[in-house]
$ cat coords_32.cif   # mmCIF, C-alpha atoms
data_work
loop_
_atom_site.group_PDB
_atom_site.id
_atom_site.type_symbol
_atom_site.label_atom_id
_atom_site.label_comp_id
_atom_site.auth_asym_id
_atom_site.auth_seq_id
_atom_site.Cartn_x
_atom_site.Cartn_y
_atom_site.Cartn_z
ATOM 1 C CA MET A 1055 114.771 105.002 90.837
ATOM 2 C CA SER A 1056 112.325 106.638 88.439
ATOM 3 C CA TRP A 1057 108.662 107.252 89.332
ATOM 4 C CA PHE A 1058 107.631 104.552 86.817
ATOM 5 C CA GLN A 1059 110.055 102.048 88.357
ATOM 6 C CA MET A 1060 108.763 102.834 91.837
ATOM 7 C CA ILE A 1061 105.150 102.348 90.775
ATOM 8 C CA THR A 1062 106.011 99.085 88.998
ATOM 9 C CA THR A 1063 107.796 97.806 92.095
ATOM 10 C CA LEU A 1064 104.874 98.762 94.329
ATOM 11 C CA PHE A 1065 102.416 97.056 91.987
ATOM 12 C CA VAL A 1066 104.351 93.796 92.352
ATOM 13 C CA VAL A 1067 104.427 94.241 96.125
ATOM 14 C CA ALA A 1068 100.687 94.925 96.205
ATOM 15 C CA MET A 1069 99.978 91.717 94.306
ATOM 16 C CA MET A 1070 101.548 89.851 97.217
ATOM 17 C CA VAL A 1071 99.208 91.358 99.802
ATOM 18 C CA GLY A 1072 96.276 89.049 99.176
ATOM 19 C CA ALA A 1073 98.404 85.954 99.595
ATOM 20 C CA SER A 1074 99.675 87.182 102.966
ATOM 21 C CA ASN A 1075 96.307 88.004 104.521
ATOM 22 C CA ALA A 1076 95.496 84.395 105.372
ATOM 23 C CA GLN A 1077 98.906 83.936 107.007
ATOM 24 C CA LEU A 1078 98.518 86.709 109.563
ATOM 25 C CA SER A 1079 96.222 86.312 112.557
ATOM 26 C CA ALA A 1080 95.078 88.510 115.433
ATOM 27 C CA THR A 1081 95.609 85.481 117.719
ATOM 28 C CA PHE A 1082 99.113 84.673 116.478
ATOM 29 C CA TYR A 1083 100.648 85.202 119.945
ATOM 30 C CA ALA A 1084 97.745 83.792 121.963
ATOM 31 C CA LYS A 1085 99.878 80.962 123.346
ATOM 32 C CA THR A 1086 103.423 82.280 122.963
ATOM 33 C CA CYS A 1087 102.923 85.850 124.275
ATOM 34 C CA PRO A 1088 99.318 86.314 125.392
ATOM 35 C CA ASN A 1089 99.946 89.692 127.076
ATOM 36 C CA VAL A 1090 101.669 91.290 124.090
ATOM 37 C CA SER A 1091 99.080 94.043 123.592
ATOM 38 C CA THR A 1092 98.984 94.892 127.290
ATOM 39 C CA ILE A 1093 102.766 95.154 127.417
ATOM 40 C CA VAL A 1094 102.858 97.449 124.385
ATOM 41 C CA ARG A 1095 100.058 99.595 125.797
ATOM 42 C CA ASN A 1096 101.813 99.967 129.169
ATOM 43 C CA VAL A 1097 105.052 101.120 127.550
ATOM 44 C CA LEU A 1098 103.177 103.605 125.349
ATOM 45 C CA GLN A 1099 101.247 105.074 128.256
ATOM 46 C CA GLN A 1100 104.508 105.612 130.115
ATOM 47 C CA ALA A 1101 106.181 107.091 127.032
ATOM 48 C CA GLN A 1102 103.330 109.543 126.574
ATOM 49 C CA GLN A 1103 104.143 111.009 129.982
ATOM 50 C CA ASN A 1104 107.525 112.061 128.615
ATOM 51 C CA ASP A 1105 106.489 112.985 125.059
ATOM 52 C CA ILE A 1106 102.941 114.135 124.377
ATOM 53 C CA TRP A 1107 103.527 113.681 120.614
ATOM 54 C CA ILE A 1108 104.647 110.062 120.777
ATOM 55 C CA PHE A 1109 101.389 108.569 119.466
ATOM 56 C CA PRO A 1110 101.418 110.247 116.026
ATOM 57 C CA LYS A 1111 105.170 109.647 115.800
ATOM 58 C CA LEU A 1112 104.724 105.908 116.186
ATOM 59 C CA VAL A 1113 101.862 105.705 113.696
ATOM 60 C CA ARG A 1114 104.088 107.494 111.201
ATOM 61 C CA LEU A 1115 106.827 104.899 111.698
ATOM 62 C CA HIS A 1116 104.410 102.127 110.734
ATOM 63 C CA PHE A 1117 103.386 104.048 107.601
ATOM 64 C CA HIS A 1118 106.972 104.696 106.547
ATOM 65 C CA ASP A 1119 107.955 101.088 107.163
ATOM 66 C CA CYS A 1120 105.077 99.586 105.180
ATOM 67 C CA PHE A 1121 105.443 101.948 102.223
ATOM 68 C CA VAL A 1122 108.976 100.685 101.541
ATOM 69 C CA HIS A 1123 109.055 97.040 100.479
ATOM 70 C CA GLY A 1124 106.277 96.103 102.891
ATOM 71 C CA CYS A 1125 105.807 95.892 106.668
ATOM 72 C CA ASP A 1126 109.064 94.214 107.641
ATOM 73 C CA ALA A 1127 110.645 96.629 110.183
ATOM 74 C CA SER A 1128 113.406 97.444 107.700
ATOM 75 C CA LEU A 1129 112.965 101.087 108.707
ATOM 76 C CA LEU A 1130 114.314 100.341 112.178
ATOM 77 C CA LEU A 1131 117.722 99.030 111.096
ATOM 78 C CA ASN A 1132 120.799 101.150 111.722
ATOM 79 C CA GLY A 1133 123.724 101.284 109.305
ATOM 80 C CA THR A 1134 125.236 103.285 106.488
ATOM 81 C CA ASP A 1135 122.509 102.101 104.115
ATOM 82 C CA SER A 1136 119.668 102.520 106.591
ATOM 83 C CA GLU A 1137 116.245 103.829 105.631
ATOM 84 C CA LYS A 1138 116.248 106.056 108.718
ATOM 85 C CA THR A 1139 118.858 108.380 107.240
ATOM 86 C CA ALA A 1140 117.194 108.694 103.824
ATOM 87 C CA THR A 1141 115.634 112.108 103.202
ATOM 88 C CA PRO A 1142 111.953 111.086 103.620
ATOM 89 C CA ASN A 1143 112.728 109.649 107.065
ATOM 90 C CA LEU A 1144 114.961 112.360 108.524
ATOM 91 C CA SER A 1145 112.004 113.817 110.421
ATOM 92 C CA THR A 1146 110.779 110.491 111.823
ATOM 93 C CA ASP A 1147 111.046 109.885 115.558
ATOM 94 C CA GLY A 1148 109.970 107.453 118.252
ATOM 95 C CA TYR A 1149 112.601 104.776 117.688
ATOM 96 C CA ALA A 1150 113.657 104.743 121.362
ATOM 97 C CA VAL A 1151 110.102 103.847 122.399
ATOM 98 C CA ILE A 1152 110.068 100.940 119.948
ATOM 99 C CA ASP A 1153 113.291 99.772 121.599
ATOM 100 C CA ASP A 1154 111.643 100.070 125.021
ATOM 101 C CA ILE A 1155 108.726 97.949 123.833
ATOM 102 C CA LYS A 1156 111.116 95.350 122.450
ATOM 103 C CA THR A 1157 113.037 95.233 125.734
ATOM 104 C CA ALA A 1158 109.822 94.698 127.710
ATOM 105 C CA LEU A 1159 108.639 91.970 125.346
ATOM 106 C CA GLU A 1160 111.992 90.178 125.385
ATOM 107 C CA LYS A 1161 111.722 89.974 129.167
ATOM 108 C CA ALA A 1162 108.204 88.562 129.021
ATOM 109 C CA CYS A 1163 108.397 86.490 125.816
ATOM 110 C CA PRO A 1164 112.008 86.024 124.652
ATOM 111 C CA ARG A 1165 112.598 85.656 120.896
ATOM 112 C CA VAL A 1166 108.885 85.633 120.078
ATOM 113 C CA VAL A 1167 107.485 89.014 118.985
ATOM 114 C CA SER A 1168 108.886 90.608 115.846
ATOM 115 C CA CYS A 1169 109.773 94.260 115.483
ATOM 116 C CA ALA A 1170 107.429 94.461 112.494
ATOM 117 C CA ASP A 1171 104.531 93.359 114.693
ATOM 118 C CA ILE A 1172 105.612 95.824 117.369
ATOM 119 C CA LEU A 1173 105.268 98.639 114.840
ATOM 120 C CA ALA A 1174 101.801 97.458 113.822
ATOM 121 C CA LEU A 1175 100.612 97.078 117.409
ATOM 122 C CA ALA A 1176 102.159 100.379 118.491
ATOM 123 C CA ALA A 1177 100.334 102.155 115.663
ATOM 124 C CA GLN A 1178 96.947 100.673 116.567
ATOM 125 C CA ILE A 1179 97.310 101.310 120.284
ATOM 126 C CA SER A 1180 98.612 104.840 119.671
ATOM 127 C CA VAL A 1181 95.536 105.644 117.591
ATOM 128 C CA SER A 1182 93.157 104.237 120.200
ATOM 129 C CA LEU A 1183 94.926 105.961 123.109
ATOM 130 C CA GLY A 1184 94.748 109.180 121.107
ATOM 131 C CA GLY A 1185 90.961 108.906 120.962
ATOM 132 C CA GLY A 1186 90.649 106.995 117.706
ATOM 133 C CA PRO A 1187 89.282 103.566 116.748
ATOM 134 C CA ARG A 1188 90.435 100.154 117.856
ATOM 135 C CA TRP A 1189 90.928 97.202 115.549
ATOM 136 C CA LYS A 1190 92.299 93.693 115.798
ATOM 137 C CA VAL A 1191 95.790 93.742 114.326
ATOM 138 C CA PRO A 1192 96.686 90.717 112.203
ATOM 139 C CA LEU A 1193 100.020 89.451 113.538
ATOM 140 C CA GLY A 1194 102.754 87.027 112.533
ATOM 141 C CA ARG A 1195 105.115 89.265 110.559
ATOM 142 C CA ARG A 1196 108.831 88.614 110.685
ATOM 143 C CA ASP A 1197 111.701 91.060 110.401
ATOM 144 C CA SER A 1198 113.809 91.724 107.328
ATOM 145 C CA ARG A 1199 117.545 91.148 107.382
ATOM 146 C CA THR A 1200 118.236 94.115 105.127
ATOM 147 C CA ALA A 1201 117.210 97.747 104.786
ATOM 148 C CA HIS A 1202 115.726 99.044 101.532
ATOM 149 C CA ARG A 1203 117.102 102.559 101.371
ATOM 150 C CA GLU A 1204 116.709 102.625 97.600
ATOM 151 C CA GLY A 1205 112.957 102.254 97.996
ATOM 152 C CA THR A 1206 112.367 105.254 100.266
ATOM 153 C CA GLY A 1207 111.448 107.361 97.243
ATOM 154 C CA THR A 1208 108.025 105.676 97.374
ATOM 155 C CA ILE A 1209 107.182 107.376 100.674
ATOM 156 C CA PRO A 1210 104.584 110.083 99.944
ATOM 157 C CA THR A 1211 105.657 113.671 100.546
ATOM 158 C CA GLY A 1212 103.493 116.644 101.442
ATOM 159 C CA HIS A 1213 104.092 118.151 97.997
ATOM 160 C CA GLU A 1214 102.423 115.549 95.760
ATOM 161 C CA SER A 1215 99.530 116.333 93.450
ATOM 162 C CA LEU A 1216 96.362 114.324 93.962
ATOM 163 C CA ALA A 1217 97.001 112.548 90.652
ATOM 164 C CA ASN A 1218 100.424 111.359 91.792
ATOM 165 C CA ILE A 1219 99.363 110.364 95.283
ATOM 166 C CA ALA A 1220 96.315 108.493 93.953
ATOM 167 C CA THR A 1221 98.496 106.594 91.469
ATOM 168 C CA LEU A 1222 100.913 105.677 94.239
ATOM 169 C CA PHE A 1223 98.158 104.412 96.513
ATOM 170 C CA ARG A 1224 96.430 102.476 93.732
ATOM 171 C CA SER A 1225 99.707 100.733 92.957
ATOM 172 C CA MET A 1226 99.693 99.440 96.533
ATOM 173 C CA GLY A 1227 96.142 98.132 96.348
ATOM 174 C CA PHE A 1228 94.325 101.095 97.923
ATOM 175 C CA ASP A 1229 91.192 102.710 96.517
ATOM 176 C CA SER A 1230 90.125 106.340 96.887
ATOM 177 C CA THR A 1231 88.332 105.720 100.177
ATOM 178 C CA ASP A 1232 91.467 104.106 101.591
ATOM 179 C CA LEU A 1233 93.502 107.088 100.420
ATOM 180 C CA VAL A 1234 91.236 109.611 102.127
ATOM 181 C CA ALA A 1235 90.909 107.512 105.280
ATOM 182 C CA LEU A 1236 94.658 106.971 105.638
ATOM 183 C CA SER A 1237 95.318 110.650 104.937
ATOM 184 C CA GLY A 1238 93.107 111.306 107.952
ATOM 185 C CA VAL A 1239 96.003 110.201 110.157
ATOM 186 C CA HIS A 1240 97.057 113.835 109.832
ATOM 187 C CA THR A 1241 94.296 114.636 112.277
ATOM 188 C CA PHE A 1242 97.023 114.445 114.906
ATOM 189 C CA GLY A 1243 100.722 115.207 115.003
ATOM 190 C CA ARG A 1244 102.943 117.908 113.552
ATOM 191 C CA ALA A 1245 104.867 118.664 110.364
ATOM 192 C CA ARG A 1246 108.029 120.611 109.673
ATOM 193 C CA CYS A 1247 107.794 123.995 107.978
ATOM 194 C CA ALA A 1248 109.800 122.479 105.123
ATOM 195 C CA ALA A 1249 106.846 120.219 104.295
ATOM 196 C CA PHE A 1250 104.602 123.105 103.229
ATOM 197 C CA MET A 1251 106.600 126.339 102.889
ATOM 198 C CA ASP A 1252 106.391 126.143 99.110
ATOM 199 C CA ARG A 1253 102.626 126.649 99.509
ATOM 200 C CA LEU A 1254 103.329 129.934 101.289
ATOM 201 C CA TYR A 1255 106.087 131.481 99.209
ATOM 202 C CA ASN A 1256 106.743 129.565 96.010
ATOM 203 C CA PHE A 1257 103.652 127.692 94.939
ATOM 204 C CA ASN A 1258 104.105 125.832 91.641
ATOM 205 C CA ASN A 1259 107.624 127.336 91.540
ATOM 206 C CA VAL A 1260 106.274 130.866 91.162
ATOM 207 C CA SER A 1261 108.229 133.156 93.463
ATOM 208 C CA GLY A 1262 106.037 134.970 95.958
ATOM 209 C CA LYS A 1263 102.918 132.974 95.076
ATOM 210 C CA THR A 1264 100.747 131.444 97.808
ATOM 211 C CA ASP A 1265 98.669 128.337 97.149
ATOM 212 C CA PRO A 1266 95.207 129.734 96.247
ATOM 213 C CA THR A 1267 93.499 126.731 97.872
ATOM 214 C CA LEU A 1268 94.908 127.812 101.247
ATOM 215 C CA ASN A 1269 92.637 129.935 103.430
ATOM 216 C CA ALA A 1270 94.162 133.437 103.384
ATOM 217 C CA THR A 1271 93.913 133.989 107.133
ATOM 218 C CA TYR A 1272 95.440 130.584 107.786
ATOM 219 C CA ALA A 1273 98.198 131.261 105.244
ATOM 220 C CA ASN A 1274 99.117 134.512 106.993
ATOM 221 C CA ALA A 1275 99.227 132.744 110.359
ATOM 222 C CA LEU A 1276 101.506 130.066 108.900
ATOM 223 C CA LYS A 1277 103.812 132.730 107.486
ATOM 224 C CA GLN A 1278 104.259 134.062 111.006
ATOM 225 C CA LEU A 1279 105.138 130.589 112.253
ATOM 226 C CA CYS A 1280 107.350 129.736 109.263
ATOM 227 C CA PRO A 1281 108.904 132.994 108.021
ATOM 228 C CA LYS A 1282 110.848 133.031 104.779
ATOM 229 C CA GLY A 1283 114.456 132.287 105.601
ATOM 230 C CA GLY A 1284 113.482 130.911 109.028
ATOM 231 C CA ASP A 1285 114.043 127.519 110.622
ATOM 232 C CA VAL A 1286 112.525 124.971 108.240
ATOM 233 C CA THR A 1287 112.648 122.279 110.933
ATOM 234 C CA SER A 1288 110.167 124.116 113.173
ATOM 235 C CA LEU A 1289 107.157 121.914 113.922
ATOM 236 C CA ILE A 1290 103.599 123.065 113.238
ATOM 237 C CA ASP A 1291 100.395 121.330 114.342
ATOM 238 C CA LEU A 1292 98.688 119.476 111.504
ATOM 239 C CA ASP A 1293 95.343 120.310 113.083
ATOM 240 C CA GLU A 1294 95.497 123.719 114.726
ATOM 241 C CA GLN A 1295 92.667 122.870 117.135
ATOM 242 C CA THR A 1296 92.997 119.213 118.234
ATOM 243 C CA SER A 1297 96.437 118.093 117.116
ATOM 244 C CA LEU A 1298 96.875 115.717 120.057
ATOM 245 C CA THR A 1299 93.537 114.000 119.486
ATOM 246 C CA PHE A 1300 92.600 111.458 116.834
ATOM 247 C CA ASP A 1301 89.244 112.717 115.528
ATOM 248 C CA ASN A 1302 87.610 113.772 112.261
ATOM 249 C CA ASN A 1303 88.477 117.461 112.616
ATOM 250 C CA TYR A 1304 91.025 117.008 109.822
ATOM 251 C CA PHE A 1305 88.188 116.757 107.287
ATOM 252 C CA LEU A 1306 86.480 119.856 108.608
ATOM 253 C CA ASN A 1307 89.792 121.654 108.151
ATOM 254 C CA LEU A 1308 89.928 120.563 104.514
ATOM 255 C CA GLN A 1309 86.412 121.892 103.941
ATOM 256 C CA ASN A 1310 87.568 125.235 105.379
ATOM 257 C CA ARG A 1311 90.735 125.226 103.223
ATOM 258 C CA ARG A 1312 92.910 124.821 106.296
ATOM 259 C CA GLY A 1313 94.722 121.613 105.358
ATOM 260 C CA LEU A 1314 98.388 122.085 106.216
ATOM 261 C CA LEU A 1315 99.928 119.889 103.524
ATOM 262 C CA GLN A 1316 99.255 120.174 99.804
ATOM 263 C CA THR A 1317 98.514 116.446 99.570
ATOM 264 C CA ASP A 1318 95.830 116.889 102.210
ATOM 265 C CA GLN A 1319 94.086 119.944 100.800
ATOM 266 C CA GLU A 1320 94.036 118.535 97.271
ATOM 267 C CA LEU A 1321 91.727 115.765 98.476
ATOM 268 C CA PHE A 1322 89.014 118.412 98.806
ATOM 269 C CA SER A 1323 90.107 121.249 96.506
ATOM 270 C CA THR A 1324 90.692 119.282 93.302
ATOM 271 C CA ASN A 1325 87.693 119.975 91.062
ATOM 272 C CA GLY A 1326 85.800 116.864 90.063
ATOM 273 C CA ALA A 1327 87.848 114.499 92.219
ATOM 274 C CA GLU A 1328 85.967 111.581 93.750
ATOM 275 C CA THR A 1329 87.835 112.234 96.995
ATOM 276 C CA VAL A 1330 85.752 115.389 97.627
ATOM 277 C CA ALA A 1331 82.601 113.424 98.439
ATOM 278 C CA ILE A 1332 84.578 111.103 100.715
ATOM 279 C CA VAL A 1333 86.036 114.060 102.630
ATOM 280 C CA ASN A 1334 82.504 115.423 103.066
ATOM 281 C CA ARG A 1335 81.258 112.052 104.291
ATOM 282 C CA PHE A 1336 84.003 111.713 106.882
ATOM 283 C CA ALA A 1337 83.501 115.336 107.974
ATOM 284 C CA ARG A 1338 79.847 114.522 108.675
ATOM 285 C CA SER A 1339 80.472 111.204 110.387
ATOM 286 C CA GLN A 1340 83.411 110.474 112.652
ATOM 287 C CA SER A 1341 82.202 106.891 113.057
ATOM 288 C CA GLN A 1342 82.385 106.291 109.296
ATOM 289 C CA PHE A 1343 85.895 107.723 109.236
ATOM 290 C CA PHE A 1344 86.985 105.544 112.150
ATOM 291 C CA SER A 1345 85.547 102.423 110.551
ATOM 292 C CA ARG A 1346 87.217 102.998 107.190
ATOM 293 C CA PHE A 1347 90.488 104.079 108.772
ATOM 294 C CA ALA A 1348 90.682 100.827 110.734
ATOM 295 C CA LYS A 1349 90.009 98.755 107.601
ATOM 296 C CA ALA A 1350 92.626 100.700 105.621
ATOM 297 C CA MET A 1351 95.206 100.263 108.384
ATOM 298 C CA ILE A 1352 94.671 96.506 108.350
ATOM 299 C CA LYS A 1353 95.108 96.548 104.581
ATOM 300 C CA MET A 1354 98.299 98.603 104.881
ATOM 301 C CA GLY A 1355 99.655 96.315 107.585
ATOM 302 C CA ASN A 1356 99.233 93.389 105.184
ATOM 303 C CA ILE A 1357 101.573 94.804 102.543
ATOM 304 C CA ASN A 1358 104.175 92.175 101.742
ATOM 305 C CA PRO A 1359 104.948 90.860 105.248
ATOM 306 C CA LEU A 1360 107.640 88.273 105.779
ATOM 307 C CA ILE A 1361 106.002 85.128 107.129
ATOM 308 C CA GLY A 1362 106.821 81.525 107.922
ATOM 309 C CA THR A 1363 110.566 81.010 107.837
ATOM 310 C CA ASN A 1364 111.305 84.172 105.868
ATOM 311 C CA GLY A 1365 113.274 86.848 107.692
ATOM 312 C CA GLU A 1366 113.895 86.555 111.410
ATOM 313 C CA ILE A 1367 112.724 87.654 114.851
ATOM 314 C CA ARG A 1368 115.249 90.342 115.759
ATOM 315 C CA LEU A 1369 116.482 90.448 119.328
ATOM 316 C CA ASP A 1370 117.309 94.119 118.875
ATOM 317 C CA CYS A 1371 115.154 96.098 116.462
ATOM 318 C CA LYS A 1372 118.140 98.251 115.409
ATOM 319 C CA LYS A 1373 120.209 95.373 114.035
ATOM 320 C CA THR A 1374 119.938 91.904 112.595
ATOM 321 C CA ASN A 1375 120.741 88.871 114.709
#

$ encode --input "coords_32.cif" --output "structure tokens"
Amino acid sequence: MSWFQMITTLFVVAMMVGASNAQLSATFYAKTCPNVSTIVRNVLQQAQQNDIWIFPKLVRLHFHDCFVHGCDASLLLNGTDSEKTATPNLSTDGYAVIDDIKTALEKACPRVVSCADILALAAQISVSLGGGPRWKVPLGRRDSRTAHREGTGTIPTGHESLANIATLFRSMGFDSTDLVALSGVHTFGRARCAAFMDRLYNFNNVSGKTDPTLNATYANALKQLCPKGGDVTSLIDLDEQTSLTFDNNYFLNLQNRRGLLQTDQELFSTNGAETVAIVNRFARSQSQFFSRFAKAMIKMGNINPLIGTNGEIRLDCKKTN
């Protein structure tokens, strides 16, 4: 699928967001599964004992699900045409914890809570348990019966220019503040060396060139962690200081030219971009960042959900009923 086709498809999807907002409700399970959030939270707290990185992993799953055909849990399906095995998703993780949540919910509320809603709830609770904001998650999504592997090319990479990433986000109904706020999710978690090594050794396809927007001391440290010819799957903290905590340190890093991914640093280092002022605002005020991040996450969670009788409530998030 060409870039133009992807943007056109996303524009159509985005036009469906407004119609879905009224259909989702934070109280959707008030009668049918009133303890849904508590159950999800308990599973996540247990999972974090075994994997300290599980919170950012689960937030990433929600992002990658919503950016392909909407928030319908299509990412979770196994199969030869699955989204999981497409290149943009090869580094995703946390699926076993989603299965654990589903198992716990099926025991408490059989055939009630969708996998798509599990992803949305797991993302919100992961952010809040990581030190970030809380928000009421609109619920009532249903699960797709098919994967959309062909649409995974719309998932943003770490190599995009600001112009491309802004166009992609606008096509999905996001403005510049949403873009900067959602990018702030990189305040916690890790990325593979492969996601940024071109900035160290081959920037703009010039052999030996390092991205000039990258702090020189930081670039040298990254070269030690990700040597040329080394293991490109090695994981590096997105925030070298507080990578397990959801805070606004990400924006301070951008101001100091220590953004790990090109898409992150370009928010601050692109001359004349309106995103620069937003980065500065969020660097000054963690509360403003938290507020806008929560609003943007609600907006993202409303991208093209299946509602009513569309789709199904999967009994197993890995396969259709």

$ atom_distance --input "coords_32.cif" --atom1 "atom CA of A:Gly1194" --atom2 "atom CA of A:Phe1347"
21.3 Å

$ residues_around --input "coords_32.cif" --residues "stretch 1245-1261 of chain A" --least-positions-apart "6" --cutoff "6 Å" --atoms "all atoms listed in the file" --output "PDB file with C-alpha atoms, in the coordinates of the input"
ATOM      1  CA  GLY A1212     103.493 116.644 101.442  1.00  0.00           C
ATOM      2  CA  CYS A1280     107.350 129.736 109.263  1.00  0.00           C
ATOM      3  CA  VAL A1286     112.525 124.971 108.240  1.00  0.00           C
ATOM      4  CA  THR A1287     112.648 122.279 110.933  1.00  0.00           C
ATOM      5  CA  SER A1288     110.167 124.116 113.173  1.00  0.00           C
ATOM      6  CA  LEU A1289     107.157 121.914 113.922  1.00  0.00           C
ATOM      7  CA  ILE A1290     103.599 123.065 113.238  1.00  0.00           C
ATOM      8  CA  LEU A1315      99.928 119.889 103.524  1.00  0.00           C
TER       9      LEU A1315
END

$ resolve_selection --input "coords_32.cif" --expression "the PyMOL selection byres ((chain A and resi 1366) around 12)" --output "ChimeraX atom specification"
/A:1126-1128,1165-1170,1194-1200,1359-1365,1367-1371,1373-1375

$ residues_around --input "coords_32.cif" --residues "A:Ser1180" --least-positions-apart "4" --cutoff "8 Å" --atoms "all atoms listed in the file" --output "list in words"
Leu1098, Phe1109, Pro1110, Leu1112, Val1113, Ala1176 and Gly1184 of chain A

$ resolve_selection --input "coords_32.cif" --expression "the PyMOL selection byres ((chain A and resi 1311) around 8)" --output "PyMOL selection string"
chain A and resi 1267-1269+1307-1310+1312-1313+1319+1323

$ residues_near_point --input "coords_32.cif" --point "(97.8, 99.6, 116.8)" --cutoff "6 Å" --atoms "all atoms listed in the file" --output "PDB file with C-alpha atoms, in the coordinates of the input"
ATOM      1  CA  ALA A1174     101.801  97.458 113.822  1.00  0.00           C
ATOM      2  CA  LEU A1175     100.612  97.078 117.409  1.00  0.00           C
ATOM      3  CA  ALA A1176     102.159 100.379 118.491  1.00  0.00           C
ATOM      4  CA  ALA A1177     100.334 102.155 115.663  1.00  0.00           C
ATOM      5  CA  GLN A1178      96.947 100.673 116.567  1.00  0.00           C
ATOM      6  CA  ILE A1179      97.310 101.310 120.284  1.00  0.00           C
TER       7      ILE A1179
END
